[in-house]
Structure formats: C-alpha cells, structure tokens
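Quick look at work_12.pdb (PDB, C-alpha atoms and all ligand atoms):
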```pdb
MODEL        1
ATOM      1  CA  MET U   3     256.051  72.440 -17.118
ATOM      2  CA  ALA U   4     255.637  76.184 -16.370
ATOM      3  CA  LEU U   5     252.159  77.631 -16.891
ATOM      4  CA  PRO U   6     251.820  80.424 -19.428
ATOM      5  CA  GLY U   7     251.752  83.872 -17.736
ATOM      6  CA  ALA U   8     248.057  84.663 -18.350
ATOM      7  CA  LEU U   9     246.906  81.234 -17.096
ATOM      8  CA  ARG U  10     249.031  81.525 -13.935
ATOM      9  CA  ASP U  11     247.556  84.986 -13.203
ATOM     10  CA  LEU U  12     244.051  83.566 -13.679
ATOM     11  CA  MET U  13     244.777  80.674 -11.294
ATOM     12  CA  LEU U  14     246.146  83.086  -8.665
ATOM     13  CA  ALA U  15     243.106  85.342  -8.997
ATOM     14  CA  LEU U  16     240.765  82.354  -8.675
ATOM     15  CA  GLY U  17     242.623  81.127  -5.531
ATOM     16  CA  ALA U  18     242.368  84.566  -3.935
ATOM     17  CA  ALA U  19     238.644  84.770  -4.740
ATOM     18  CA  VAL U  20     237.962  81.351  -3.191
ATOM     19  CA  ALA U  21     239.894  82.352  -0.023
ATOM     20  CA  ALA U  22     237.952  85.648   0.238
ATOM     21  CA  VAL U  23     234.556  83.935  -0.178
ATOM     22  CA  GLY U  24     235.579  81.316   2.417
ATOM     23  CA  SER U  25     236.517  84.024   4.930
ATOM     24  CA  LEU U  26     233.240  85.869   4.350
ATOM     25  CA  LEU U  27     231.237  82.664   4.842
ATOM     26  CA  PHE U  28     233.128  81.928   8.069
ATOM     27  CA  ILE U  29     232.483  85.428   9.454
ATOM     28  CA  ALA U  30     228.791  85.201   8.512
ATOM     29  CA  TRP U  31     228.555  81.812  10.236
ATOM     30  CA  LYS U  32     230.164  83.200  13.435
ATOM     31  CA  ILE U  33     227.870  86.255  13.464
ATOM     32  CA  TYR U  34     224.795  84.090  12.873
ATOM     33  CA  PHE U  35     225.552  81.777  15.781
ATOM     34  CA  ARG U  36     226.514  84.627  18.095
ATOM     35  CA  GLY U  37     223.258  86.379  17.188
ATOM     36  CA  THR U  38     221.174  83.362  18.155
ATOM     37  CA  GLY U  39     222.583  83.295  21.732
ATOM     38  CA  THR U  40     220.382  84.820  24.455
ATOM     39  CA  GLY U  41     223.189  85.103  27.015
ATOM     40  CA  THR U  42     221.806  82.360  29.233
ATOM     41  CA  ASP U  43     221.237  79.499  26.818
ATOM     42  CA  TRP U  44     224.810  78.214  27.035
ATOM     43  CA  GLY U  45     225.108  78.451  23.250
ATOM     44  CA  GLY U  46     228.807  79.347  22.728
ATOM     45  CA  TRP U  47     231.673  76.850  22.707
ATOM     46  CA  TRP U  48     233.058  78.054  26.034
ATOM     47  CA  GLU U  49     229.560  78.232  27.533
ATOM     48  CA  GLN U  50     229.198  74.537  26.793
ATOM     49  CA  GLU U  51     232.530  73.881  28.511
ATOM     50  CA  LEU U  52     231.493  76.036  31.459
ATOM     51  CA  ARG U  53     228.290  74.085  31.844
ATOM     52  CA  GLU U  54     230.182  70.798  31.775
ATOM     53  CA  LEU U  55     232.581  72.142  34.350
ATOM     54  CA  ARG U  56     229.734  73.189  36.611
ATOM     55  CA  ASP U  57     228.079  69.802  36.339
ATOM     56  CA  ARG U  58     231.307  67.845  36.614
ATOM     57  CA  ALA U  59     231.435  65.348  39.468
ATOM     58  CA  PRO U  60     234.178  65.960  42.040
ATOM     59  CA  PRO U  61     237.292  63.930  41.204
ATOM     60  CA  GLY U  62     238.401  61.061  43.437
ATOM     61  CA  ASP U  63     237.293  61.078  47.027
ATOM     62  CA  ALA U  64     234.683  63.842  47.202
ATOM     63  CA  LEU U  65     235.401  64.355  50.894
ATOM     64  CA  ASP U  66     238.865  65.742  50.172
ATOM     65  CA  TRP U  67     237.847  67.795  47.175
ATOM     66  CA  ARG U  68     237.274  71.519  47.529
ATOM     67  CA  GLN U  69     236.323  74.117  44.981
ATOM     68  CA  VAL U  70     237.576  77.681  45.228
ATOM     69  CA  LEU U  71     235.569  80.067  43.072
ATOM     70  CA  VAL U  72     237.599  83.097  41.973
ATOM     71  CA  LEU U  73     235.566  86.081  40.807
ATOM     72  CA  GLY U  74     236.029  89.826  40.413
ATOM     73  CA  LEU U  75     235.788  92.464  37.695
ATOM     74  CA  ASP U  76     237.816  92.102  34.497
ATOM     75  CA  GLY U  77     241.414  93.141  34.967
ATOM     76  CA  ALA U  78     241.337  92.780  38.764
ATOM     77  CA  GLY U  79     244.037  90.089  38.631
ATOM     78  CA  LYS U  80     242.200  86.764  39.040
ATOM     79  CA  SER U  81     244.257  84.856  36.449
ATOM     80  CA  SER U  82     247.470  86.371  37.794
ATOM     81  CA  VAL U  83     246.607  85.284  41.337
ATOM     82  CA  LEU U  84     245.810  81.772  40.106
ATOM     83  CA  HIS U  85     248.995  81.610  38.093
ATOM     84  CA  TYR U  86     251.291  82.607  40.953
ATOM     85  CA  ILE U  87     249.495  80.445  43.481
ATOM     86  CA  CYS U  88     249.790  77.393  41.245
ATOM     87  CA  SER U  89     253.050  77.786  39.394
ATOM     88  CA  GLN U  90     255.386  80.449  40.797
ATOM     89  CA  THR U  91     257.133  80.999  37.502
ATOM     90  CA  ALA U  92     257.663  84.453  36.012
ATOM     91  CA  ARG U  93     255.065  85.483  33.461
ATOM     92  CA  ASP U  94     255.180  88.688  31.408
ATOM     93  CA  HIS U  95     251.728  88.634  29.937
ATOM     94  CA  ILE U  96     248.427  87.205  31.099
ATOM     95  CA  ALA U  97     245.564  87.369  28.620
ATOM     96  CA  PRO U  98     241.994  88.307  29.654
ATOM     97  CA  THR U  99     239.792  85.299  30.399
ATOM     98  CA  TYR U 100     237.069  84.951  27.757
ATOM     99  CA  GLY U 101     235.234  82.156  29.524
ATOM    100  CA  PHE U 102     236.819  80.382  32.420
ATOM    101  CA  ASN U 103     240.152  79.295  33.746
ATOM    102  CA  SER U 104     240.627  76.286  35.962
ATOM    103  CA  ALA U 105     243.633  75.035  37.920
ATOM    104  CA  GLN U 106     244.129  72.182  40.340
ATOM    105  CA  LEU U 107     246.245  72.219  43.461
ATOM    106  CA  SER U 108     247.076  69.337  45.717
ATOM    107  CA  VAL U 109     248.388  70.409  49.117
ATOM    108  CA  GLU U 110     248.698  68.257  52.215
ATOM    109  CA  GLY U 111     246.219  65.710  50.899
ATOM    110  CA  LEU U 112     243.722  68.395  49.985
ATOM    111  CA  GLU U 113     242.557  68.538  46.363
ATOM    112  CA  MET U 114     241.663  72.097  45.413
ATOM    113  CA  ASP U 115     239.969  73.073  42.201
ATOM    114  CA  LEU U 116     240.443  76.785  41.575
ATOM    115  CA  LEU U 117     237.899  78.077  39.101
ATOM    116  CA  GLU U 118     237.999  81.583  37.638
ATOM    117  CA  VAL U 119     235.092  82.816  35.572
ATOM    118  CA  GLY U 120     236.066  85.888  33.527
ATOM    119  CA  GLY U 121     234.995  89.265  34.867
ATOM    120  CA  SER U 122     233.883  91.113  31.738
ATOM    121  CA  GLN U 123     230.300  92.313  31.871
ATOM    122  CA  ASN U 124     228.856  89.600  29.607
ATOM    123  CA  LEU U 125     230.402  86.856  31.761
ATOM    124  CA  ARG U 126     229.191  88.172  35.110
ATOM    125  CA  ALA U 127     225.720  86.771  34.383
ATOM    126  CA  TYR U 128     227.248  83.285  34.717
ATOM    127  CA  TRP U 129     228.879  83.862  38.081
ATOM    128  CA  PRO U 130     225.903  82.811  40.221
ATOM    129  CA  HIS U 131     225.784  79.378  38.533
ATOM    130  CA  TYR U 132     228.991  78.372  40.318
ATOM    131  CA  LEU U 133     228.240  79.530  43.828
ATOM    132  CA  SER U 134     226.414  76.428  45.016
ATOM    133  CA  GLN U 135     229.412  74.131  44.247
ATOM    134  CA  ALA U 136     231.961  76.445  45.832
ATOM    135  CA  HIS U 137     233.471  75.915  49.289
ATOM    136  CA  VAL U 138     234.965  79.393  49.362
ATOM    137  CA  LEU U 139     234.632  82.522  47.267
ATOM    138  CA  VAL U 140     237.762  84.527  46.482
ATOM    139  CA  PHE U 141     236.777  87.984  45.250
ATOM    140  CA  VAL U 142     239.645  89.902  43.645
ATOM    141  CA  VAL U 143     239.561  93.701  43.570
ATOM    142  CA  ASP U 144     241.869  96.067  41.698
ATOM    143  CA  SER U 145     242.888  98.434  44.505
ATOM    144  CA  VAL U 146     243.755 101.138  41.976
ATOM    145  CA  ASP U 147     240.583 101.018  39.908
ATOM    146  CA  ARG U 148     238.643 103.591  41.949
ATOM    147  CA  SER U 149     236.096 104.323  39.222
ATOM    148  CA  ARG U 150     234.782 100.732  39.301
ATOM    149  CA  LEU U 151     234.763 100.092  43.030
ATOM    150  CA  LEU U 152     231.051 100.723  43.241
ATOM    151  CA  THR U 153     230.436  98.134  40.511
ATOM    152  CA  ALA U 154     232.692  95.663  42.303
ATOM    153  CA  ARG U 155     230.814  96.275  45.533
ATOM    154  CA  GLN U 156     227.413  95.770  43.894
ATOM    155  CA  GLU U 157     228.513  92.560  42.169
ATOM    156  CA  LEU U 158     229.988  91.197  45.382
ATOM    157  CA  HIS U 159     226.922  91.933  47.507
ATOM    158  CA  THR U 160     224.598  90.444  44.881
ATOM    159  CA  LEU U 161     226.640  87.224  44.935
ATOM    160  CA  LEU U 162     226.747  87.046  48.703
ATOM    161  CA  ALA U 163     223.021  87.566  49.087
ATOM    162  CA  ALA U 164     222.497  84.247  47.317
ATOM    163  CA  GLU U 165     224.929  82.341  49.590
ATOM    164  CA  PRO U 166     224.753  83.542  53.186
ATOM    165  CA  GLN U 167     227.075  80.822  54.527
ATOM    166  CA  LEU U 168     229.815  80.866  51.912
ATOM    167  CA  PRO U 169     233.225  81.860  53.347
ATOM    168  CA  LEU U 170     234.661  84.927  51.616
ATOM    169  CA  VAL U 171     238.253  85.931  50.918
ATOM    170  CA  VAL U 172     238.561  89.424  49.428
ATOM    171  CA  LEU U 173     241.899  90.221  47.817
ATOM    172  CA  ALA U 174     242.889  93.888  47.723
ATOM    173  CA  ASN U 175     245.111  93.282  44.711
ATOM    174  CA  LYS U 176     247.785  95.408  42.977
ATOM    175  CA  GLN U 177     249.190  96.637  46.282
ATOM    176  CA  ASP U 178     252.557  97.027  44.559
ATOM    177  CA  LYS U 179     251.165 100.124  42.827
ATOM    178  CA  SER U 180     251.849 103.420  44.594
ATOM    179  CA  ASP U 181     248.264 104.692  44.348
ATOM    180  CA  ALA U 182     246.614 101.513  45.660
ATOM    181  CA  LEU U 183     243.860 101.935  48.239
ATOM    182  CA  SER U 184     244.616 100.345  51.598
ATOM    183  CA  THR U 185     242.664  97.402  52.947
ATOM    184  CA  ALA U 186     241.011  99.745  55.484
ATOM    185  CA  GLU U 187     239.808 101.996  52.646
ATOM    186  CA  LEU U 188     238.610  99.018  50.643
ATOM    187  CA  ARG U 189     236.721  97.610  53.614
ATOM    188  CA  GLU U 190     234.723 100.856  53.578
ATOM    189  CA  GLU U 191     234.375 101.121  49.795
ATOM    190  CA  LEU U 192     233.157  97.546  49.492
ATOM    191  CA  ALA U 193     230.905  97.902  52.532
ATOM    192  CA  LEU U 194     232.299  94.745  54.063
ATOM    193  CA  HIS U 195     231.087  95.899  57.492
ATOM    194  CA  MET U 196     227.540  95.360  56.180
ATOM    195  CA  LEU U 197     228.086  91.621  55.872
ATOM    196  CA  SER U 198     226.698  89.225  58.399
ATOM    197  CA  LYS U 199     228.986  88.555  61.363
ATOM    198  CA  GLN U 200     228.235  84.858  60.838
ATOM    199  CA  ARG U 201     230.132  84.740  57.585
ATOM    200  CA  GLU U 202     233.818  83.845  57.616
ATOM    201  CA  LEU U 203     235.467  86.883  56.037
ATOM    202  CA  PHE U 204     239.097  87.664  55.235
ATOM    203  CA  LEU U 205     240.508  90.742  53.524
ATOM    204  CA  LEU U 206     244.106  90.393  52.316
ATOM    205  CA  PRO U 207     246.423  92.885  50.582
ATOM    206  CA  THR U 208     248.004  91.134  47.578
ATOM    207  CA  SER U 209     250.300  91.736  44.634
ATOM    208  CA  ALA U 210     250.031  89.106  41.958
ATOM    209  CA  THR U 211     253.411  89.759  40.405
ATOM    210  CA  TRP U 212     256.608  87.772  40.168
ATOM    211  CA  ALA U 213     258.570  90.445  42.071
ATOM    212  CA  SER U 214     256.110  90.375  44.973
ATOM    213  CA  LEU U 215     256.208  86.644  45.648
ATOM    214  CA  SER U 216     258.594  87.036  48.584
ATOM    215  CA  THR U 217     256.981  90.172  50.042
ATOM    216  CA  ALA U 218     254.309  90.722  52.673
ATOM    217  CA  THR U 219     251.660  91.002  49.950
ATOM    218  CA  SER U 220     252.612  87.743  48.226
ATOM    219  CA  VAL U 221     249.729  85.642  46.914
ATOM    220  CA  LEU U 222     251.351  82.655  48.592
ATOM    221  CA  HIS U 223     249.695  83.881  51.809
ATOM    222  CA  VAL U 224     246.381  83.364  50.019
ATOM    223  CA  LYS U 225     247.359  79.782  49.247
ATOM    224  CA  ASN U 226     248.172  79.157  52.922
ATOM    225  CA  LEU U 227     244.899  80.729  54.010
ATOM    226  CA  LEU U 228     242.925  78.586  51.564
ATOM    227  CA  VAL U 229     244.596  75.418  52.801
ATOM    228  CA  THR U 230     243.806  76.345  56.409
ATOM    229  CA  LEU U 231     240.243  77.344  55.613
ATOM    230  CA  LEU U 232     239.485  74.288  53.526
ATOM    231  CA  SER U 233     241.110  71.832  55.909
ATOM    232  CA  GLN U 234     238.534  72.649  58.543
ATOM    233  CA  PRO U 235     236.186  69.731  59.184
TER
HETATM  234  N1  LIG W 301     251.067  95.709  39.042
HETATM  235  C1  LIG W 301     250.231  94.671  39.120
HETATM  236  N2  LIG W 301     249.620  94.218  38.006
HETATM  237  C2  LIG W 301     248.771  93.174  38.143
HETATM  238  C3  LIG W 301     248.504  92.552  39.377
HETATM  239  N3  LIG W 301     247.610  91.575  39.183
HETATM  240  C4  LIG W 301     247.334  91.563  37.879
HETATM  241  N4  LIG W 301     248.027  92.531  37.239
HETATM  242  C5  LIG W 301     247.963  92.868  35.813
HETATM  243  O1  LIG W 301     246.635  93.276  35.538
HETATM  244  C6  LIG W 301     246.215  92.836  34.242
HETATM  245  C7  LIG W 301     244.941  92.009  34.362
HETATM  246  O2  LIG W 301     245.260  90.833  35.096
HETATM  247  P1  LIG W 301     244.431  89.468  34.911
HETATM  248  O3  LIG W 301     245.025  88.500  35.872
HETATM  249  O4  LIG W 301     244.341  89.091  33.490
HETATM  250  O5  LIG W 301     242.985  89.954  35.398
HETATM  251  P2  LIG W 301     241.627  89.084  35.463
HETATM  252  O6  LIG W 301     240.944  89.475  36.719
HETATM  253  O7  LIG W 301     241.945  87.656  35.292
HETATM  254  O8  LIG W 301     240.812  89.666  34.247
HETATM  255  P3  LIG W 301     239.704  88.894  33.317
HETATM  256  O9  LIG W 301     240.237  87.560  32.987
HETATM  257  O10 LIG W 301     239.572  89.784  32.116
HETATM  258  O11 LIG W 301     238.433  88.831  34.106
HETATM  259  C8  LIG W 301     247.391  92.043  33.680
HETATM  260  O12 LIG W 301     248.131  92.913  32.852
HETATM  261  C9  LIG W 301     248.216  91.676  34.899
HETATM  262  O13 LIG W 301     249.583  91.524  34.609
HETATM  263  C10 LIG W 301     249.172  93.064  40.552
HETATM  264  O14 LIG W 301     248.998  92.651  41.679
HETATM  265  N5  LIG W 301     250.005  94.130  40.346
HETATM  266 MG    MG W 302     241.419  86.226  33.900
ENDMDL
END
```
Here is the file; what I need is its structure written in the form of structure tokens.
Ligand SMILES: Nc1nc2c(ncn2[C@@H]2O[C@H](COP(=O)(O)OP(=O)(O)OP(=O)(O)O)[C@@H](O)[C@H]2O)c(=O)[nH]1
Ligand SMILES: [Mg+2]
Amino acid sequence: MALPGALRDLMLALGAAVAAVGSLLFIAWKIYFRGTGTGTDWGGWWEQELRELRDRAPPGDALDWRQVLVLGLDGAGKSSVLHYICSQTARDHIAPTYGFNSAQLSVEGLEMDLLEVGGSQNLRAYWPHYLSQAHVLVFVVDSVDRSRLLTARQELHTLLAAEPQLPLVVLANKQDKSDALSTAELREELALHMLSKQRELFLLPTSATWASLSTATSVLHVKNLLVTLLSQP
C-alpha cells in the first residue's frame, strides 16, 4: 500500500537526518583518533600493519630470504619501480603510498621482499625502523625535482649514518623526461662522494614507465643488479 504523501516526505527527511548524523559521528571519530596519535606510537591502522611487517619473521628458509628497502621522497617513483620490476604490465595510474607497499619476488631460488614505505613527510619518521632488517637500501630520486634535491640528500645521509654497512642502490629516476639531471649531476647534488668507500654503492639511471622497459634506463636492470647483489654469500 502506498504511503500518503506527507508521511512519505517525513520518512525521507528522517532517513536523510539519520544519514547526516551518522556521517558527522564517523568524521568526529576519525578526527578524535587521529588527534590522539603522536606520530611514533603506531596508532593508525596502517601503522599497526607496518609494525607487524617490521616484526614479521622471514618466510621459509631465512638464509635465502632478502629484504630490499625502497625509500625516497614522495613522488620519486618508488611504487612505479616496484610495479615494473615485479609485474611488467602497463599501468596508467599509480596512487601515492599512504603507508607501505610490499611485493615479493622469487628469482633463481632467491626470495626477495621489496618493501616501500611512503615518502610523504609524515611517513619519513618511520623509515629508520626498517633499516636494521634490510639487506640493501634502494633510494629513488626524481631527477627532475630540483627544488627537493637538498631534502632528498639530507634524508639519505641521515639514513646512511645509522647503517654504515648497508649496500646502497640510488636510482636516478624519470630519465625519460627531457629536463632530467644526469647521474653525474646527481652524484654531486646528493653528495655521494662523501660516503664511505667501504660501502657498496650503485647509481643507476632509470625510467619507471611501460615505454622504457626495453631501453637502457629500464628498471629491469635494477632487478638484475639486486639479484646479483643479494646472491653474494
Ligand atoms: N615520466 C615518468 N614518470 C614517472 C616515473 N616514475 C614514476 N613516475 C610517475 O610519478 C608519479 C609518482 O610515482 P610513484 O611511483 O607513485 O611515486 P612514489 O615514490 O611511490 O611516491 P609515494 O608513494 O607518494 O611516496 C606517478 O604519476 C608516476 O606515474 C618515471 O620514471 N618517468
Ligand atoms: Mg609509492
């Protein structure tokens, strides 16, 4: 039986009011819990997952398991590099990483866990937590982003100071862009000559795009380098 017009309007208005109050309560709840976080108390949902990931035991035979930590400022191309190393399928859009991004690779009996922690400023505070588990650090730099090279350099040197032995692979990414700095220029800008001669250091020009997969700057060279590096006894 159809409801009389006035009653139906009242029901609709009541439904809308309940939905609006629900939304407001949800927003208030989110703001409250965000407000209680100190930035290092692992309070958010992804922080909890990050902590579990950090504390996770190596899968299978720990001897063959290697972790590659992928860091760099937001927008440098970390997720893109990971995507093309692991999948080699065309991808139009890659969203910023609001937490972490993890991928597994199994090559020639070597189990590699590639872990990206997002590069936005609030996430950089978590970077150092992952250094001690890592077997190699891949630091991705946007070769076009001149205005933030100093920040990238400072972040990189802060990380390295904590881990003097950790092998380092710096990717001079976005080499497909016409105004990209060369690897020689980036070596200077990032003060890589200041690093200890004891550290294993590689600086590779890369383009993390579908079109570049078969070029000299393909990220597949990074994959080969990682396999070689991590296969060392
Ligand atoms: N032209 C070009 N664009 C790239 C390259 N690498 C990444 N991009 C683009 O740059 C943007 C940022 O790439 P992401 O891979 O999301 O960067 P990210 O370092 O993971 O950034 P966060 O997750 O925010 O820390 C995306 O639009 C990518 O498509 C590259 O080598 N060349
Ligand atoms: Mg990312």
Which residues of chain U have any atom within 12 Å of an atom in ligand MG 302 (chain W) when counting all atoms listed in the file, and what is the closest pair of atoms for each, with the distance in Å to one decimal? Order the rows by chain and rising number and write it as a tab-separated table.
```
residue	atom	partner	partner_atom	distance
U:Val72	CA	W:MG302	MG	9.5
U:Leu73	CA	W:MG302	MG	9.1
U:Gly74	CA	W:MG302	MG	9.2
U:Leu75	CA	W:MG302	MG	9.2
U:Asp76	CA	W:MG302	MG	6.9
U:Gly77	CA	W:MG302	MG	7.0
U:Ala78	CA	W:MG302	MG	8.2
U:Gly79	CA	W:MG302	MG	6.6
U:Lys80	CA	W:MG302	MG	5.2
U:Ser81	CA	W:MG302	MG	4.1
U:Ser82	CA	W:MG302	MG	7.2
U:Val83	CA	W:MG302	MG	9.1
U:Leu84	CA	W:MG302	MG	8.8
U:His85	CA	W:MG302	MG	9.8
U:His95	CA	W:MG302	MG	11.3
U:Ile96	CA	W:MG302	MG	7.6
U:Ala97	CA	W:MG302	MG	6.8
U:Pro98	CA	W:MG302	MG	4.8
U:Thr99	CA	W:MG302	MG	4.0
U:Tyr100	CA	W:MG302	MG	7.6
U:Gly101	CA	W:MG302	MG	8.6
U:Phe102	CA	W:MG302	MG	7.6
U:Asn103	CA	W:MG302	MG	7.0
U:Ser104	CA	W:MG302	MG	10.2
U:Leu117	CA	W:MG302	MG	10.3
U:Glu118	CA	W:MG302	MG	6.9
U:Val119	CA	W:MG302	MG	7.4
U:Gly120	CA	W:MG302	MG	5.4
U:Gly121	CA	W:MG302	MG	7.2
U:Ser122	CA	W:MG302	MG	9.2
U:Leu125	CA	W:MG302	MG	11.2
U:Val142	CA	W:MG302	MG	10.6
```
| field | CA of Thr160 (chain U) to atom O4 of ligand LIG 301 (chain W), straight-line distance in Å | value | 22.8 Å
| field | Counting only C-alpha atoms and all ligand atoms, the option among U:Val146, U:Met13, U:Val138, U:Ala163 closest to ligand LIG 301 (chain W) | value | U:Val146
| task | Calculate how many Å separate CA of Asp94 (chain U) from atom O13 of ligand LIG 301 (chain W), rounding to one decimal. | result |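 Interatomic distance, CA of Asp94 (chain U) to atom O13 of ligand LIG 301 (chain W): 7.0 Å.
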| message | What's around Ala164 (chain U) at 12 Å? Count all atoms listed in the file, leave out sequence neighbours fewer than 2 positions away in its own chain, and write the answer as a list in words. | response |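 Surrounding residues, per the criterion: Trp129, Pro130, His131, Tyr132, Leu133, Ser134, Glu157, Leu158, His159, Thr160, Leu161, Leu162, Pro166, Gln167 and Leu168 of chain U.
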Restricted to C-alpha atoms, what would the selected residues look like written as a PDB file, in the coordinates of the input?
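This is the output file out-v1.pdb:
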```pdb
ATOM      1  CA  TRP U 129     228.879  83.862  38.081  1.00  0.00           C
ATOM      2  CA  PRO U 130     225.903  82.811  40.221  1.00  0.00           C
ATOM      3  CA  HIS U 131     225.784  79.378  38.533  1.00  0.00           C
ATOM      4  CA  TYR U 132     228.991  78.372  40.318  1.00  0.00           C
ATOM      5  CA  LEU U 133     228.240  79.530  43.828  1.00  0.00           C
ATOM      6  CA  SER U 134     226.414  76.428  45.016  1.00  0.00           C
ATOM      7  CA  GLU U 157     228.513  92.560  42.169  1.00  0.00           C
ATOM      8  CA  LEU U 158     229.988  91.197  45.382  1.00  0.00           C
ATOM      9  CA  HIS U 159     226.922  91.933  47.507  1.00  0.00           C
ATOM     10  CA  THR U 160     224.598  90.444  44.881  1.00  0.00           C
ATOM     11  CA  LEU U 161     226.640  87.224  44.935  1.00  0.00           C
ATOM     12  CA  LEU U 162     226.747  87.046  48.703  1.00  0.00           C
ATOM     13  CA  PRO U 166     224.753  83.542  53.186  1.00  0.00           C
ATOM     14  CA  GLN U 167     227.075  80.822  54.527  1.00  0.00           C
ATOM     15  CA  LEU U 168     229.815  80.866  51.912  1.00  0.00           C
TER      16      LEU U 168
END
```
Report, as AutoDock Vina command-line options, the axis-aligned box around all atoms of region 109-113 of chain U present in the file, extended by 6 Å on each side; give centre and edge lengths in Å to one decimal place.
```
--center_x 245.6 --center_y 68.1 --center_z 49.3 --size_x 18.1 --size_y 16.7 --size_z 17.9
```
| field | Separation of CA of Leu194 (chain U) from CA of Arg155 (chain U) in Å | value |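 Pair CA of Arg155 (chain U) / CA of Leu194 (chain U) returns 8.8 Å.
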| field | U:Asp147, U:Ser89, U:Gln200, U:Val109 ranked by distance to Leu227 (chain U), top pick (using only C-alpha atoms) | value | U:Val109
| said: So, with only C-alpha atoms as the atoms that count, which of U:Asp115, U:Asp144, U:Asp11, U:Asp181 lies closest to Leu71 (chain U)? | reply: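 Using only C-alpha atoms, Leu71 (chain U) sits closest to U:Asp115.
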| field | Best match for closeness to ligand LIG 301 (chain W) among U:Leu14, U:Leu205, U:Leu192, U:Val143, counting all atoms listed in the file | value | U:Val143
